[in-house]
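As provided, start-v4.cif (mmCIF, C-alpha atoms) reads as follows.
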data_upload
loop_
_atom_site.group_PDB
_atom_site.id
_atom_site.type_symbol
_atom_site.label_atom_id
_atom_site.label_comp_id
_atom_site.auth_asym_id
_atom_site.auth_seq_id
_atom_site.Cartn_x
_atom_site.Cartn_y
_atom_site.Cartn_z
ATOM 1 C CA MET A 538 -0.251 8.428 21.357
ATOM 2 C CA THR A 539 0.417 8.119 17.644
ATOM 3 C CA ALA A 540 -1.784 5.667 15.753
ATOM 4 C CA VAL A 541 0.152 3.459 13.349
ATOM 5 C CA LEU A 542 -1.692 2.301 10.240
ATOM 6 C CA LEU A 543 0.213 -0.657 8.846
ATOM 7 C CA THR A 544 -1.343 -1.069 5.411
ATOM 8 C CA ILE A 545 -0.773 -3.819 2.848
ATOM 9 C CA ASP A 546 -1.851 -3.225 -0.747
ATOM 10 C CA THR A 547 -3.091 -6.622 -1.901
ATOM 11 C CA GLU A 548 -3.460 -7.229 -5.626
ATOM 12 C CA LEU A 549 -2.821 -9.448 -8.611
ATOM 13 C CA MET A 550 0.189 -7.991 -10.389
ATOM 14 C CA TRP A 551 -0.512 -6.840 -13.915
ATOM 15 C CA ARG A 552 2.886 -7.914 -15.225
ATOM 16 C CA HIS A 553 2.128 -11.575 -14.493
ATOM 17 C CA HIS A 554 -1.107 -11.276 -16.472
ATOM 18 C CA THR A 555 0.622 -9.690 -19.469
ATOM 19 C CA ALA A 556 3.301 -12.378 -19.284
ATOM 20 C CA GLY A 557 0.541 -14.897 -20.007
ATOM 21 C CA CYS A 558 0.616 -16.645 -16.622
ATOM 22 C CA ASP A 559 -2.443 -18.681 -15.749
ATOM 23 C CA LEU A 560 -4.585 -17.624 -12.791
ATOM 24 C CA ALA A 561 -3.003 -20.058 -10.327
ATOM 25 C CA THR A 562 0.452 -18.704 -11.135
ATOM 26 C CA GLN A 563 -0.728 -15.108 -10.897
ATOM 27 C CA VAL A 564 -2.243 -15.770 -7.470
ATOM 28 C CA GLU A 565 0.868 -17.594 -6.277
ATOM 29 C CA ARG A 566 3.300 -14.906 -7.437
ATOM 30 C CA SER A 567 1.170 -11.926 -6.396
ATOM 31 C CA LEU A 568 -0.587 -13.001 -3.193
ATOM 32 C CA GLU A 569 1.509 -15.872 -1.819
ATOM 33 C CA PRO A 570 4.942 -15.472 -3.428
ATOM 34 C CA ALA A 571 7.767 -17.701 -2.208
ATOM 35 C CA GLY A 572 6.198 -18.302 1.188
ATOM 36 C CA VAL A 573 6.342 -14.627 2.201
ATOM 37 C CA GLY A 574 2.954 -13.414 0.981
ATOM 38 C CA ILE A 575 -0.327 -12.839 2.790
ATOM 39 C CA ALA A 576 -0.313 -16.042 4.874
ATOM 40 C CA TYR A 577 3.197 -15.314 6.155
ATOM 41 C CA GLN A 578 2.364 -11.664 6.850
ATOM 42 C CA LEU A 579 -0.812 -12.600 8.740
ATOM 43 C CA ALA A 580 1.098 -15.102 10.842
ATOM 44 C CA LEU A 581 3.802 -12.579 11.729
ATOM 45 C CA LEU A 582 1.221 -9.944 12.639
ATOM 46 C CA ALA A 583 -0.550 -12.447 14.883
ATOM 47 C CA ARG A 584 2.718 -13.463 16.552
ATOM 48 C CA HIS A 585 3.398 -9.839 17.489
ATOM 49 C CA GLY A 586 -0.214 -8.971 18.309
ATOM 50 C CA LEU A 587 -0.399 -6.214 15.690
ATOM 51 C CA LYS A 588 -3.321 -4.773 13.739
ATOM 52 C CA ALA A 589 -3.105 -4.129 10.006
ATOM 53 C CA THR A 590 -5.277 -3.028 7.099
ATOM 54 C CA PHE A 591 -5.182 -4.926 3.819
ATOM 55 C CA PHE A 592 -6.265 -2.734 0.907
ATOM 56 C CA VAL A 593 -7.557 -5.424 -1.468
ATOM 57 C CA ASP A 594 -8.094 -4.866 -5.195
ATOM 58 C CA PRO A 595 -11.121 -6.923 -6.332
ATOM 59 C CA MET A 596 -11.005 -5.764 -9.958
ATOM 60 C CA PRO A 597 -9.352 -8.952 -11.319
ATOM 61 C CA THR A 598 -12.554 -10.791 -10.391
ATOM 62 C CA MET A 599 -14.101 -9.102 -13.426
ATOM 63 C CA VAL A 600 -11.771 -11.280 -15.512
ATOM 64 C CA PHE A 601 -11.267 -14.428 -13.432
ATOM 65 C CA GLY A 602 -14.323 -14.626 -11.165
ATOM 66 C CA LEU A 603 -14.731 -14.098 -7.426
ATOM 67 C CA ASP A 604 -12.601 -17.091 -6.449
ATOM 68 C CA ALA A 605 -9.509 -15.259 -7.688
ATOM 69 C CA ILE A 606 -9.682 -13.002 -4.631
ATOM 70 C CA ARG A 607 -12.254 -14.469 -2.243
ATOM 71 C CA PRO A 608 -9.916 -16.939 -0.437
ATOM 72 C CA THR A 609 -7.509 -14.101 0.338
ATOM 73 C CA VAL A 610 -10.278 -11.851 1.672
ATOM 74 C CA GLU A 611 -11.640 -14.685 3.789
ATOM 75 C CA ALA A 612 -8.185 -15.435 5.220
ATOM 76 C CA ILE A 613 -7.615 -11.795 6.175
ATOM 77 C CA VAL A 614 -11.015 -11.497 7.841
ATOM 78 C CA ALA A 615 -10.580 -14.828 9.662
ATOM 79 C CA ALA A 616 -7.243 -13.587 11.023
ATOM 80 C CA GLY A 617 -8.994 -10.579 12.584
ATOM 81 C CA GLN A 618 -7.347 -8.091 10.252
ATOM 82 C CA GLU A 619 -9.101 -5.373 8.291
ATOM 83 C CA VAL A 620 -10.036 -5.374 4.597
ATOM 84 C CA GLN A 621 -10.487 -2.047 2.818
ATOM 85 C CA LEU A 622 -10.790 -1.129 -0.867
ATOM 86 C CA HIS A 623 -7.944 -0.844 -3.371
ATOM 87 C CA LEU A 624 -8.518 -0.294 -7.090
ATOM 88 C CA HIS A 625 -6.451 -0.644 -10.264
ATOM 89 C CA PRO A 626 -8.928 0.346 -13.005
ATOM 90 C CA ASN A 627 -6.977 -1.172 -15.906
ATOM 91 C CA TRP A 628 -8.463 -4.569 -14.993
ATOM 92 C CA SER A 629 -11.885 -3.276 -16.050
ATOM 93 C CA GLY A 630 -10.970 -3.782 -19.699
ATOM 94 C CA ALA A 631 -8.851 -6.926 -19.342
ATOM 95 C CA ARG A 632 -9.515 -10.333 -20.877
ATOM 96 C CA ILE A 633 -8.061 -13.787 -20.364
ATOM 97 C CA ASP A 634 -7.657 -14.425 -24.081
ATOM 98 C CA ASP A 635 -6.062 -11.088 -24.982
ATOM 99 C CA VAL A 636 -3.382 -9.774 -22.597
ATOM 100 C CA GLU A 637 -3.095 -6.582 -24.634
ATOM 101 C CA ARG A 638 -6.596 -5.493 -23.624
ATOM 102 C CA HIS A 639 -6.979 -3.210 -20.625
ATOM 103 C CA GLY A 640 -8.735 -0.125 -19.336
ATOM 104 C CA ARG A 641 -6.987 3.153 -18.595
ATOM 105 C CA PHE A 642 -4.371 2.504 -15.932
ATOM 106 C CA GLU A 643 -4.732 5.472 -13.591
ATOM 107 C CA LEU A 644 -7.922 6.426 -11.787
ATOM 108 C CA ILE A 645 -7.098 10.113 -12.357
ATOM 109 C CA ASP A 646 -7.576 9.525 -16.095
ATOM 110 C CA TYR A 647 -11.314 8.976 -15.509
ATOM 111 C CA SER A 648 -14.031 11.595 -15.060
ATOM 112 C CA LEU A 649 -15.821 12.085 -11.757
ATOM 113 C CA ASP A 650 -18.805 10.039 -12.921
ATOM 114 C CA GLU A 651 -16.537 7.275 -14.222
ATOM 115 C CA GLN A 652 -14.580 7.197 -10.963
ATOM 116 C CA ARG A 653 -17.776 7.019 -8.937
ATOM 117 C CA ALA A 654 -18.994 4.068 -11.018
ATOM 118 C CA LEU A 655 -15.650 2.257 -10.826
ATOM 119 C CA ILE A 656 -15.383 2.660 -7.046
ATOM 120 C CA ALA A 657 -19.005 1.610 -6.503
ATOM 121 C CA GLY A 658 -18.529 -1.478 -8.654
ATOM 122 C CA ALA A 659 -15.270 -2.396 -6.940
ATOM 123 C CA ARG A 660 -16.888 -2.004 -3.526
ATOM 124 C CA ASP A 661 -19.648 -4.424 -4.548
ATOM 125 C CA LEU A 662 -17.088 -6.943 -5.810
ATOM 126 C CA LEU A 663 -15.088 -6.712 -2.585
ATOM 127 C CA LYS A 664 -18.202 -7.331 -0.505
ATOM 128 C CA ALA A 665 -19.115 -10.272 -2.750
ATOM 129 C CA CYS A 666 -15.706 -11.723 -1.867
ATOM 130 C CA GLY A 667 -16.629 -11.663 1.830
ATOM 131 C CA ALA A 668 -15.399 -8.286 3.022
ATOM 132 C CA PRO A 669 -17.437 -6.002 5.283
ATOM 133 C CA ASP A 670 -18.663 -2.762 3.723
ATOM 134 C CA PRO A 671 -15.417 -0.773 3.272
ATOM 135 C CA VAL A 672 -14.974 2.651 4.858
ATOM 136 C CA ALA A 673 -11.488 3.434 3.513
ATOM 137 C CA PHE A 674 -9.949 3.550 0.049
ATOM 138 C CA ARG A 675 -6.563 3.713 -1.629
ATOM 139 C CA ALA A 676 -6.166 4.185 -5.358
ATOM 140 C CA GLY A 677 -3.756 1.929 -7.208
ATOM 141 C CA SER A 678 -0.425 3.694 -7.759
ATOM 142 C CA TYR A 679 -1.744 6.406 -5.379
ATOM 143 C CA ALA A 680 -3.442 7.830 -8.489
ATOM 144 C CA ALA A 681 -6.237 9.847 -6.906
ATOM 145 C CA ASN A 682 -7.364 13.453 -7.307
ATOM 146 C CA ASP A 683 -10.019 15.671 -5.756
ATOM 147 C CA ASP A 684 -12.671 14.068 -7.982
ATOM 148 C CA THR A 685 -11.778 10.782 -6.273
ATOM 149 C CA LEU A 686 -12.519 12.320 -2.889
ATOM 150 C CA THR A 687 -15.848 13.654 -4.144
ATOM 151 C CA ALA A 688 -16.773 10.209 -5.459
ATOM 152 C CA LEU A 689 -15.809 8.597 -2.154
ATOM 153 C CA THR A 690 -17.930 11.096 -0.233
ATOM 154 C CA ASP A 691 -20.877 10.437 -2.512
ATOM 155 C CA LEU A 692 -20.497 6.712 -1.849
ATOM 156 C CA GLY A 693 -20.295 7.049 1.933
ATOM 157 C CA PHE A 694 -16.600 6.379 2.498
ATOM 158 C CA ALA A 695 -15.052 7.993 5.588
ATOM 159 C CA TYR A 696 -11.329 7.784 4.718
ATOM 160 C CA ASP A 697 -8.961 7.963 1.787
ATOM 161 C CA SER A 698 -5.275 7.058 1.978
ATOM 162 C CA SER A 699 -4.057 7.846 -1.532
ATOM 163 C CA HIS A 700 -2.079 11.054 -0.982
ATOM 164 C CA ASN A 701 1.624 10.310 -1.374
ATOM 165 C CA GLY A 702 3.717 13.439 -1.678
ATOM 166 C CA ALA A 703 6.683 11.442 -2.937
ATOM 167 C CA ASP A 704 4.595 10.681 -6.042
ATOM 168 C CA ALA A 705 3.055 14.152 -6.379
ATOM 169 C CA PRO A 706 2.014 15.807 -8.596
ATOM 170 C CA TRP A 707 1.752 12.636 -10.701
ATOM 171 C CA PRO A 708 0.170 10.195 -10.318
ATOM 172 C CA SER A 709 -0.822 11.297 -6.794
ATOM 173 C CA ARG A 710 -2.831 14.411 -7.637
ATOM 174 C CA ILE A 711 -4.949 15.284 -4.622
ATOM 175 C CA GLY A 712 -4.676 19.024 -4.100
ATOM 176 C CA LEU A 713 -2.657 18.908 -0.897
ATOM 177 C CA PRO A 714 0.953 19.965 -0.271
ATOM 178 C CA SER A 715 3.483 17.279 -1.118
ATOM 179 C CA ARG A 716 4.738 17.332 2.478
ATOM 180 C CA GLN A 717 1.269 16.749 3.927
ATOM 181 C CA ILE A 718 1.496 13.699 6.201
ATOM 182 C CA ALA A 719 -1.059 14.532 8.904
ATOM 183 C CA PRO A 720 -4.675 13.403 8.548
ATOM 184 C CA VAL A 721 -6.859 16.225 7.289
ATOM 185 C CA GLU A 722 -10.454 16.623 6.144
ATOM 186 C CA ARG A 723 -10.738 17.235 2.421
ATOM 187 C CA GLY A 724 -13.642 16.929 0.059
ATOM 188 C CA GLY A 725 -15.912 15.337 2.627
ATOM 189 C CA VAL A 726 -13.561 12.514 3.691
ATOM 190 C CA VAL A 727 -10.583 12.347 6.033
ATOM 191 C CA GLU A 728 -7.411 12.086 3.983
ATOM 192 C CA VAL A 729 -4.833 9.912 5.771
ATOM 193 C CA PRO A 730 -1.663 10.450 3.725
ATOM 194 C CA VAL A 731 1.197 8.016 3.362
ATOM 195 C CA THR A 732 3.956 8.975 5.779
ATOM 196 C CA LEU A 733 7.108 10.419 4.236
ATOM 197 C CA ILE A 734 10.678 11.115 5.225
ATOM 198 C CA GLU A 735 13.128 13.522 3.647
ATOM 199 C CA ASP A 736 16.002 11.198 2.782
ATOM 200 C CA THR A 737 18.151 13.856 1.116
ATOM 201 C CA PRO A 738 17.575 17.621 1.273
ATOM 202 C CA GLY A 739 14.418 18.444 -0.687
ATOM 203 C CA HIS A 740 13.692 14.827 -1.670
ATOM 204 C CA LEU A 741 10.757 12.915 -0.154
ATOM 205 C CA ARG A 742 10.525 9.136 0.195
ATOM 206 C CA GLN A 743 7.458 7.185 1.308
ATOM 207 C CA PHE A 744 7.371 4.957 4.394
ATOM 208 C CA GLN A 745 7.170 1.734 2.431
ATOM 209 C CA ILE A 746 8.742 -1.609 3.289
ATOM 210 C CA CYS A 747 10.730 -1.759 0.062
ATOM 211 C CA ALA A 748 11.684 1.938 0.243
ATOM 212 C CA LEU A 749 13.164 2.458 3.726
ATOM 213 C CA SER A 750 15.806 0.633 5.730
ATOM 214 C CA GLN A 751 15.106 -0.547 9.255
ATOM 215 C CA GLY A 752 17.136 2.391 10.556
ATOM 216 C CA GLU A 753 15.041 4.857 8.570
ATOM 217 C CA MET A 754 11.822 3.202 9.719
ATOM 218 C CA ARG A 755 12.894 3.342 13.369
ATOM 219 C CA ALA A 756 13.912 6.985 13.039
ATOM 220 C CA ALA A 757 10.594 7.877 11.361
ATOM 221 C CA LEU A 758 8.609 6.168 14.122
ATOM 222 C CA ASP A 759 10.659 7.835 16.861
ATOM 223 C CA HIS A 760 10.208 11.200 15.141
ATOM 224 C CA ALA A 761 6.432 10.784 14.905
ATOM 225 C CA ALA A 762 6.148 9.811 18.573
ATOM 226 C CA ALA A 763 8.417 12.618 19.750
ATOM 227 C CA GLN A 764 6.549 15.218 17.690
ATOM 228 C CA GLY A 765 3.117 13.938 18.718
ATOM 229 C CA HIS A 766 1.927 13.125 15.213
ATOM 230 C CA GLU A 767 -1.633 11.853 15.091
ATOM 231 C CA ALA A 768 -0.859 9.014 12.722
ATOM 232 C CA VAL A 769 1.864 7.168 10.846
ATOM 233 C CA THR A 770 0.764 5.439 7.633
ATOM 234 C CA ILE A 771 3.038 2.632 6.436
ATOM 235 C CA VAL A 772 2.653 0.865 3.087
ATOM 236 C CA GLY A 773 3.525 -2.697 2.178
ATOM 237 C CA HIS A 774 2.374 -4.985 -0.619
ATOM 238 C CA SER A 775 1.260 -8.573 -0.809
ATOM 239 C CA PHE A 776 4.170 -9.322 -3.157
ATOM 240 C CA GLU A 777 7.050 -7.088 -2.108
ATOM 241 C CA LEU A 778 8.755 -9.473 0.315
ATOM 242 C CA ALA A 779 9.652 -11.636 -2.697
ATOM 243 C CA ASN A 780 11.787 -10.942 -5.742
ATOM 244 C CA ARG A 781 10.311 -9.305 -8.825
ATOM 245 C CA THR A 782 9.217 -12.609 -10.363
ATOM 246 C CA GLY A 783 7.647 -13.803 -7.107
ATOM 247 C CA THR A 784 9.758 -16.968 -7.051
ATOM 248 C CA ARG A 785 12.184 -16.323 -4.155
ATOM 249 C CA PRO A 786 12.065 -14.331 -0.917
ATOM 250 C CA ASN A 787 13.841 -10.983 -0.917
ATOM 251 C CA GLY A 788 15.954 -11.332 2.204
ATOM 252 C CA VAL A 789 16.397 -7.598 2.702
ATOM 253 C CA HIS A 790 12.672 -6.876 2.483
ATOM 254 C CA VAL A 791 11.755 -9.826 4.693
ATOM 255 C CA GLY A 792 14.230 -8.569 7.282
ATOM 256 C CA ARG A 793 12.733 -5.107 7.123
ATOM 257 C CA PHE A 794 9.191 -6.390 7.645
ATOM 258 C CA GLU A 795 10.205 -8.639 10.518
ATOM 259 C CA GLY A 796 12.178 -5.800 12.079
ATOM 260 C CA LEU A 797 9.274 -3.381 11.679
ATOM 261 C CA CYS A 798 6.850 -5.791 13.354
ATOM 262 C CA ALA A 799 9.258 -6.229 16.257
ATOM 263 C CA MET A 800 9.641 -2.450 16.589
ATOM 264 C CA LEU A 801 5.899 -1.901 16.633
ATOM 265 C CA ALA A 802 5.374 -4.662 19.180
ATOM 266 C CA ASP A 803 7.983 -3.087 21.469
ATOM 267 C CA ALA A 804 6.485 0.407 21.034
ATOM 268 C CA ARG A 805 2.801 -0.516 21.355
ATOM 269 C CA ASP A 806 2.291 1.807 24.356
ATOM 270 C CA THR A 807 3.222 4.935 22.386
ATOM 271 C CA LEU A 808 2.754 3.736 18.775
ATOM 272 C CA PRO A 809 -0.251 1.373 18.855
ATOM 273 C CA THR A 810 -1.259 -0.192 15.562
ATOM 274 C CA ALA A 811 -4.788 0.692 14.526
ATOM 275 C CA GLN A 812 -7.359 0.003 11.833
ATOM 276 C CA PHE A 813 -9.532 2.505 10.035
ATOM 277 C CA ARG A 814 -12.702 1.273 11.726
ATOM 278 C CA ASP A 815 -11.336 2.055 15.192
ATOM 279 C CA LEU A 816 -9.474 5.287 14.502
ATOM 280 C CA PRO A 817 -10.013 8.164 16.923
ATOM 281 C CA VAL A 818 -11.452 11.419 15.664
ATOM 282 C CA PHE A 819 -8.454 13.314 14.335
ATOM 283 C CA ALA A 820 -7.953 16.918 15.344
ATOM 284 C CA GLY A 821 -7.508 17.710 11.667
ATOM 285 C CA SER A 822 -4.958 20.446 12.213
ATOM 286 C CA GLY A 823 -2.924 19.034 9.327
ATOM 287 C CA GLU A 824 0.292 19.863 11.174
ATOM 288 C CA ALA A 825 3.119 17.331 11.002
ATOM 289 C CA THR A 826 6.518 17.464 9.359
ATOM 290 C CA PRO A 827 8.432 14.588 7.777
ATOM 291 C CA LEU A 828 11.623 13.317 9.380
ATOM 292 C CA GLY A 829 14.562 15.354 8.138
ATOM 293 C CA PRO A 830 17.499 13.993 6.121
ATOM 294 C CA ASN A 831 20.453 12.099 7.542
ATOM 295 C CA ARG A 832 23.297 11.219 5.202
ATOM 296 C CA LEU A 833 24.413 8.142 7.150
ATOM 297 C CA ARG A 834 20.931 6.598 7.232
ATOM 298 C CA THR A 835 20.480 7.183 3.516
ATOM 299 C CA ARG A 836 23.895 5.790 2.594
ATOM 300 C CA TRP A 837 23.213 2.665 4.639
ATOM 301 C CA ARG A 838 19.951 2.024 2.801
ATOM 302 C CA GLN A 839 21.582 2.591 -0.575
ATOM 303 C CA ALA A 840 24.342 0.111 0.290
ATOM 304 C CA GLU A 841 21.745 -2.385 1.518
ATOM 305 C CA GLN A 842 19.821 -2.040 -1.741
ATOM 306 C CA LEU A 843 22.952 -2.534 -3.828
ATOM 307 C CA TRP A 844 23.652 -5.718 -1.897
ATOM 308 C CA SER A 845 20.096 -6.929 -2.420
ATOM 309 C CA ASN A 846 20.306 -6.259 -6.174
ATOM 310 C CA TRP A 847 23.657 -8.051 -6.395
ATOM 311 C CA VAL A 848 22.310 -11.116 -4.613
ATOM 312 C CA GLU A 849 19.275 -11.116 -6.917
ATOM 313 C CA GLU A 850 21.465 -10.944 -10.052
ATOM 314 C CA ARG A 851 23.627 -13.847 -8.849
ATOM 315 C CA ALA A 852 20.535 -15.935 -8.119
ATOM 316 C CA ALA A 853 18.962 -15.236 -11.511
#
Step by step, read the file and then write its structure as structure tokens.
Amino acid sequence: MTAVLLTIDTELMWRHHTAGCDLATQVERSLEPAGVGIAYQLALLARHGLKATFFVDPMPTMVFGLDAIRPTVEAIVAAGQEVQLHLHPNWSGARIDDVERHGRFELIDYSLDEQRALIAGARDLLKACGAPDPVAFRAGSYAANDDTLTALTDLGFAYDSSHNGADAPWPSRIGLPSRQIAPVERGGVVEVPVTLIEDTPGHLRQFQICALSQGEMRAALDHAAAQGHEAVTIVGHSFELANRTGTRPNGVHVGRFEGLCAMLADARDTLPTAQFRDLPVFAGSGEATPLGPNRLRTRWRQAEQLWSNWVEERAA
């Protein structure tokens, strides 16, 4: 069987902070936008009997206090889903009264010692918000390098899921091949890369809700099962089922997420959803190849995206 890691990066969006939105608005537009945020996603997962991992960024609590994130963490845990650690380091220098203030944006721009301190501090904040001690990590913007893996090992983490070959060599800078999609031991942790497809010859695209059509997602899942891949790692976000401002649902993205959940429910015998805490021991061969290109699938997604953008412009 192929384990499916359905992961949701859960964070306050920086652009709402710099736009001067108050905390309530930032939470609404980032975590519960337009009725298709975390609560909706948890309900849909429960309806289909699926497991998911929510990578939660606790760093905004340094600015707004624990209650900015704690209700979301508590809701995820109460729903029986998994909370793991996400981190956007720019929040470490942010202030309520000065939206121009921020820390360096990418974790790779920090030294090993600085990364270790940031991750340790973020872990403590996440636990203070009600999460169990995290065992897995994903850097914001996938911006991790081999120093990140060393820091995670030093801090007792078992897994990292920051390698995204579609964003390599910047900002995803772990020293693995861009086409690496199989779990592999590196630097003392098991790297569980984001799954990729090759949408056009030589071009990689991540398995992300807002990046692939339902047809591409189905083909990628079928490919992984047929090839006996150890894992498929899918990425979503707390905010990406809504439009950019977080004020209306994005019908295309909502349809993709609903379709994906239905697919995974139908394929649970061969593609069971899993969480990091219950993953099997991977063979660690590092052998898996992305789904190859298909012009028709790619053209369909591009047409779908054009339609979505047109609808959004008319609604604006």
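Excluding A:Gly574 itself and same-chain residues fewer than 6 positions from it, the residues having an atom within 10 Å of it are A:Thr547, A:Glu565, A:Arg566, A:Ser567, A:Leu568, A:His774, A:Ser775, A:Phe776, A:Glu777, A:Leu778, A:Ala779, A:Gly783, A:Pro786, counting only C-alpha atoms.
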Restricted to C-alpha atoms, what would the selected residues look like written as a PDB file, keeping the file's coordinate frame?
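Dumped everything to again-v9.pdb:
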ATOM      1  CA  THR A 547      -3.091  -6.622  -1.901  1.00  0.00           C
ATOM      2  CA  GLU A 565       0.868 -17.594  -6.277  1.00  0.00           C
ATOM      3  CA  ARG A 566       3.300 -14.906  -7.437  1.00  0.00           C
ATOM      4  CA  SER A 567       1.170 -11.926  -6.396  1.00  0.00           C
ATOM      5  CA  LEU A 568      -0.587 -13.001  -3.193  1.00  0.00           C
ATOM      6  CA  HIS A 774       2.374  -4.985  -0.619  1.00  0.00           C
ATOM      7  CA  SER A 775       1.260  -8.573  -0.809  1.00  0.00           C
ATOM      8  CA  PHE A 776       4.170  -9.322  -3.157  1.00  0.00           C
ATOM      9  CA  GLU A 777       7.050  -7.088  -2.108  1.00  0.00           C
ATOM     10  CA  LEU A 778       8.755  -9.473   0.315  1.00  0.00           C
ATOM     11  CA  ALA A 779       9.652 -11.636  -2.697  1.00  0.00           C
ATOM     12  CA  GLY A 783       7.647 -13.803  -7.107  1.00  0.00           C
ATOM     13  CA  PRO A 786      12.065 -14.331  -0.917  1.00  0.00           C
TER      14      PRO A 786
END
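Minimum distance to A:Pro738 across A:Ser648, A:Pro827, A:Asp670, A:Asp704 (counting only C-alpha atoms) occurs at A:Pro827.
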Spatial neighbours of A:Gly725, 12 Å, all atoms listed in the file, chain gap at least 4 places, as a ChimeraX atom specification: /A:683-697,721
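By all atoms listed in the file, and with residues fewer than 5 positions from A:Ser709 along its chain excluded, the set lying at most 6 Å from it is A:Tyr679, A:Ala680, A:Ala681, A:His700, A:Asp704.
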For the selection just defined, write its residues with C-alpha atoms to a file, as an mmCIF file, in the coordinates of the input.
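This went into result_10.cif:
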data_model
loop_
_atom_site.group_PDB
_atom_site.id
_atom_site.type_symbol
_atom_site.label_atom_id
_atom_site.label_comp_id
_atom_site.auth_asym_id
_atom_site.auth_seq_id
_atom_site.Cartn_x
_atom_site.Cartn_y
_atom_site.Cartn_z
ATOM 1 C CA TYR A 679 -1.744 6.406 -5.379
ATOM 2 C CA ALA A 680 -3.442 7.830 -8.489
ATOM 3 C CA ALA A 681 -6.237 9.847 -6.906
ATOM 4 C CA HIS A 700 -2.079 11.054 -0.982
ATOM 5 C CA ASP A 704 4.595 10.681 -6.042
#
Target residues per the PyMOL selection byres ((chain A and resi 665) around 12), formatted as an MDAnalysis selection string: chainID A and resid 595:596 598:599 602:608 610:611 658:664 666:671
Target residues per the PyMOL selection byres ((chain A and resi 762) around 8), formatted as a VMD selection string: chain A and resid 538 to 539 758 to 761 763 to 766 807 to 808
